[in-house]
Amino acid sequence: MTTPFSLGRYVLDFEEIDRSRLAVVGGKGANLGELARIDGIHVPAGYCVTTDAFRRTMADAPSLDDRLDRLSRLAPDDRDAIAALSAEIREVVERIPVPDDVAEAITRPLARLNEKTAYAVRSSATAEDSPTASFAGQHDTYLNVVGPAAILEHVRSCWASLFTERAVTYRLRNGFDHRKATMAVVVQRMVAPDASGILFTADPVTSNRKVSSVEAGFGLGEALVSGLVNADVYKVRDGEVVDRTVGAKHLAILASPDGGTRRQAIEPESQRRPALTDAQVVRLARLGRRIEAHFGRPQDIEWCLVDGDFQIVQSRPITTLFPTPEAGDGGDHVYVSVGHQQMMTDPMKPLGLSVWQLTTPRPMAEAGGRLFVDVTAGLASPAGRDALLETLGRSDPLIKDALETVLDRGDFVPQPPEDGAGGPPAGGAPAPVETDPAIVEELIARSRASLAAVGRDIKRKHGSDLFDFILEDLQELQRLLFEPRSLQVIVAAMEAAWWLNRELRTWLGEENAADVLTQSVPDNVTSEMGLALLDVADAIRPHPEVVAFLRDVEDDDFLDRLPELAGGREARDAIRAYLDKYGMRCVGEIDITRPRWSERPTTLVPVILGNIDNAEPGAGRRRFEHGRQEARKKEQELLERLRALPDGERKAEETKAMIDRLRTFAGYREYPKYFKVSRYFLYKRALLEEADRLVRAGALRDREDVFYLRFQEFHDAVRTGQVDDGLIRRRKEEFGAYQALTPPRVLTSDGEAVAGSYRRQDVPADALAGLPVSAGTVEGRARVILDMTEADLEADDILVTAYTDPSWSPVFVRIKGLVTEVGGLMTHGAVIAREYGLPAVVGVEHATRLIRDGQRIRVNGTNGYVEILP
């Protein structure tokens with residue numbers, strides 16, 4: 001090994017570098033320095049041109065300042081402006097003369113390493129290849145560069161690549177400051193490999209941490225990276241190749257003697273020859289595990305095979321893997337997503353996670369800012385397994401199928417717990433309850449009284465007393481949510497729906513009969529919320545000055561300005577009355593940190609305006625009455641058909657009893673969550689007052705920084721008057737990374753995201769399969785909308801979105817059908833779709849990508865599929 005050299009601030013040898021020098025040598029440089037320190041890992045010699053060299057050179061270009069200011073103000077979607085300004089900045093950088101002392105420092109190591117040797121010159125930005133962000137492919141790399149002059153030229157080109165369109169857009173989208181992004185450059189001796197490629201120490205397709213994936217081809221790895229050839233792909237588990245696919249490698253990229261690279265055709269008889277032997281693949285996978293252990297997380301590793309020896313030329317963290325929950329016992333675990341049950345698959349901030357966990361009696365694991373339930377014990381017990389699969393299958397068939405996939409494979413079989421846990425829930429199903437509307441009235445009244453008491457009492461609580469009060473009240477909330485009478489009512493409604501669907505299918509061939517029968521049931525606070533916003537539109541519609549004002553509203557203080565307009569006082573009172581009853585709701589409302597409608601009333605303005613434009617006066621009342629009449633007519637039709645059957649009077653009598661049971665109890669299901677989020681809002685307002693006190697005391701920069709503290713950490717901060725700024729900063733970075741991840745329905749402790757499928761034969765060719773949750777077939781224009789505030793919907797539209805929670809209910813009054821990527825039979829979107837009589841299909845994988853906004857589609861809510869029409 002050569003003696004390390006250092007040329008002042010501008011150049012560092014790999015052996016002088018570790019991860020602590022990230023700000024000086026960038027992500028690639030820091031990782032290469034770490035690789036060079038690992039025993040048994042061979043890294044081609046080289047050095048790094050530091051960010052000091054970059055800054056020293058850029059200091060001679062003051063004209064960059066104004067351009068960087070303009071660049072920071074651009075929107076990430078303004079492609080034309082980004083292209084023009086980034087090209088302008090690159091031209092400036094490429095023309096800047098490199099100061100003599102910097103140029104000498106960059107080229108002097110070549111004399112000792114051999115000037116005639118070819119080098120790879122790679123960009124190494126300070127923001128890239130971190131555990132939470134990957135800039136792979138965003139900046140430039142140059143291969144087979146020969147001679148000091150060429151090295152210097154390509155270093156400057158790497159500096160300029162800090163401002164390529166793709167790099168600029170990536171920084172804008174991910175919130176990186178252009179001024180803080182600086183560029184180091186790696187200069188590394190080229191090798192002439194027989195084969196090269198990529199090693200992932202976790203399977204990039206399934207995310208399984210115990211499976212390594214090797215991609216290999218002949219020559220330099222650029223042929224694989226650029227997609228010019230199909231790579232050989234090997235899967236390795238437990239020191240054994242468990243799967244291999246040999247690709248057709250018709251060419252290789254080789255180093256050219258005069259610099260640069262060239263393509264060389266591979267003889268036909270060699271194109272299907274494996275680039276590596278199984279023994280080499282296993283050896284490479286072992287090296288990968290050693291590198292992974294050093295960095296402490298799964299790695300994406302670039303390798304070369306030279307004369308039978310593996311050379312590692314780069315390693316970076318794999319940032320696309322969904323994290324695994326920490327079990328701590330080293331055993332096999334299977335987790336089911338809570339977000340897919342709660343219609344909130346976005347990440348939650350730490351305060352939101354901890355408050356939800358304090359609310360639920362069942363332990364929940366965390367991963368990627370989401371919550372998961374460990375169902376291992378339930379799968380291990382035969383009785384528990386059947387009950388679990390049946391329950392989850394009714395809710396989300398894709399979760400059930402994914403769990404069955406884990407069990408059927410036989411390579412991940414949970415062991416029955418020694419204490420006998422994991423069987424059916426203690427106590428079995430709730431006891432039957434009589435069909436009596438007074439029971440629902442009593443439950444609602446009791447919850448309202450409890451909520452009012454909390455609202456009075458919490459105003460007197462401050463400091464540690466507030467946190468103690470909330471903890472105690474969370475126990476009361478749990479009692480109300482899970483009290484036997486409440487569960488009896490909810491279960492009774494579900495069992496009535498299942499009975500009706502099952503028996504009427506058998507007796508009459510009627511599919512999903514309960515869907516029509518649940519239209520306009522009484523006491524559904526979520527469907528009432530959508531209809532009530534139609535009444536708000538009625539109050540505003542007669543006042544054109546107010547309507548014109550609302551069309552330009554941008555600030556949340558608009559309610560205070562309304563009384564200045566003709567009819568504005570009436571409009572303000574109508575909106576405030578709505579917010580008093582429903583203002584605690586919002587998208588993702590299970591996360592206490594999410595902004596509520598009362599906090600951001602502008603969220604509702606587009607929906608109100610849509611109702612004004614597309615609905616007639618009195619539409620709310622008429623819609624509810626129409627649904628009630630449809631349900632009544634369906635009931636009469638079914639009973640008449642039943643009476644015509646053998647033993648028809650008995651069948652009709654049983655069916656009538658079940659219809660009454662369904663309509664009496666079905667609406668109540670929405671109330672427990674309504675009262676839960678109402679309580680959350682009371683907690684939140686009180687907690688934010690404590691946050692304001694911390695801000696005034698100088699312990700906290702911004703009140704909403706407390707959202708990145710867990711409940712107990714927030715309590716400690718209030719008690720001590722001290723806040724860990726570093727912890728909040730790290731949590732913000734983690735949350736930003738979590739937002740880019742898609743949570744799986746089922747996750748194993750190996751990190752494997754297990755996908756389910758419907759396995760159905762009754763879906764037409766090219767149709768998208770899903771779960772039928774509200775009967776009927778409808779055609780219309782697909783409106784693919786991910787943000788409720790952008791829901792500019794018309795009467796012929798079918799809403800296509802990732803998921804809906806109660807906050808979406810106000811837009812349901814303006815659509816004719818619903819398609820979602822996430823959902824189940826009893827999730828909120830399905831319940832409200834049935835109440836409004838909207839055909840709906842949920843659980844349609846990748847619906848928002850496969851269906852384009854504006855396409856004509858047909859939604860079959862009876863059989864559960866979506867067809868894209870010509």
# chains A, B, ... in the order shown; residues from 1 in each chain; ligands from 1

call {"tool": "residues_around", "arguments": {"residues": "A:Gly618", "least_positions_apart": "2", "cutoff": "10 Å", "atoms": "only C-alpha atoms", "output": "list in words"}}
result
Leu531, Leu534, Asp535, Ala537, Asp538, Ala615, Glu616, Gly620, Arg621, Arg622 and Arg623 of chain A

call {"tool": "residues_around", "arguments": {"residues": "A:Ala717", "least_positions_apart": "3", "cutoff": "10 Å", "atoms": "only C-alpha atoms", "output": "PyMOL selection string"}}
result
chain A and resi 463-464+690-691+694+699-700+706+709+711-714+720-724

call {"tool": "closest_residue", "arguments": {"among": "A:Leu487, A:Ala120, A:Ala492, A:Ile590", "to": "A:Val338", "atoms": "only C-alpha atoms"}}
result
A:Ile590

call {"tool": "select_by_dssp", "arguments": {"residues": "stretch 627-756 of chain A", "states": "alpha helix (DSSP H)", "output": "VMD selection string"}}
result
chain A and resid 627 to 643 648 to 665 671 to 696 711 to 720 725 to 738

call {"tool": "residues_around", "arguments": {"residues": "A:Ala365", "least_positions_apart": "6", "cutoff": "10 Å", "atoms": "only C-alpha atoms", "output": "JSON, numbers by chain"}}
result
{"A": [324, 325, 326, 327, 335, 336, 337, 338, 357, 371, 372, 373, 374]}

call {"tool": "closest_residue", "arguments": {"among": "A:Met494, A:Val146, A:Ile612, A:Val102", "to": "A:Leu825", "atoms": "only C-alpha atoms"}}
result
A:Met494

call {"tool": "closest_residue", "arguments": {"among": "A:Asp203, A:Asp60, A:Glu302, A:Asp457", "to": "A:Leu682", "atoms": "only C-alpha atoms"}}
result
A:Asp457

call {"tool": "closest_residue", "arguments": {"among": "A:Pro806, A:Gly824, A:Pro347, A:Gly40", "to": "A:Lys673", "atoms": "only C-alpha atoms"}}
result
A:Pro806

call {"tool": "closest_residue", "arguments": {"among": "A:Asp796, A:Asp243, A:Asp194, A:Glu215", "to": "A:Asp300", "atoms": "only C-alpha atoms"}}
result
A:Glu215

call {"tool": "closest_residue", "arguments": {"among": "A:Asp613, A:Glu240, A:Glu752, A:Asp853", "to": "A:Phe322", "atoms": "only C-alpha atoms"}}
result
A:Glu752
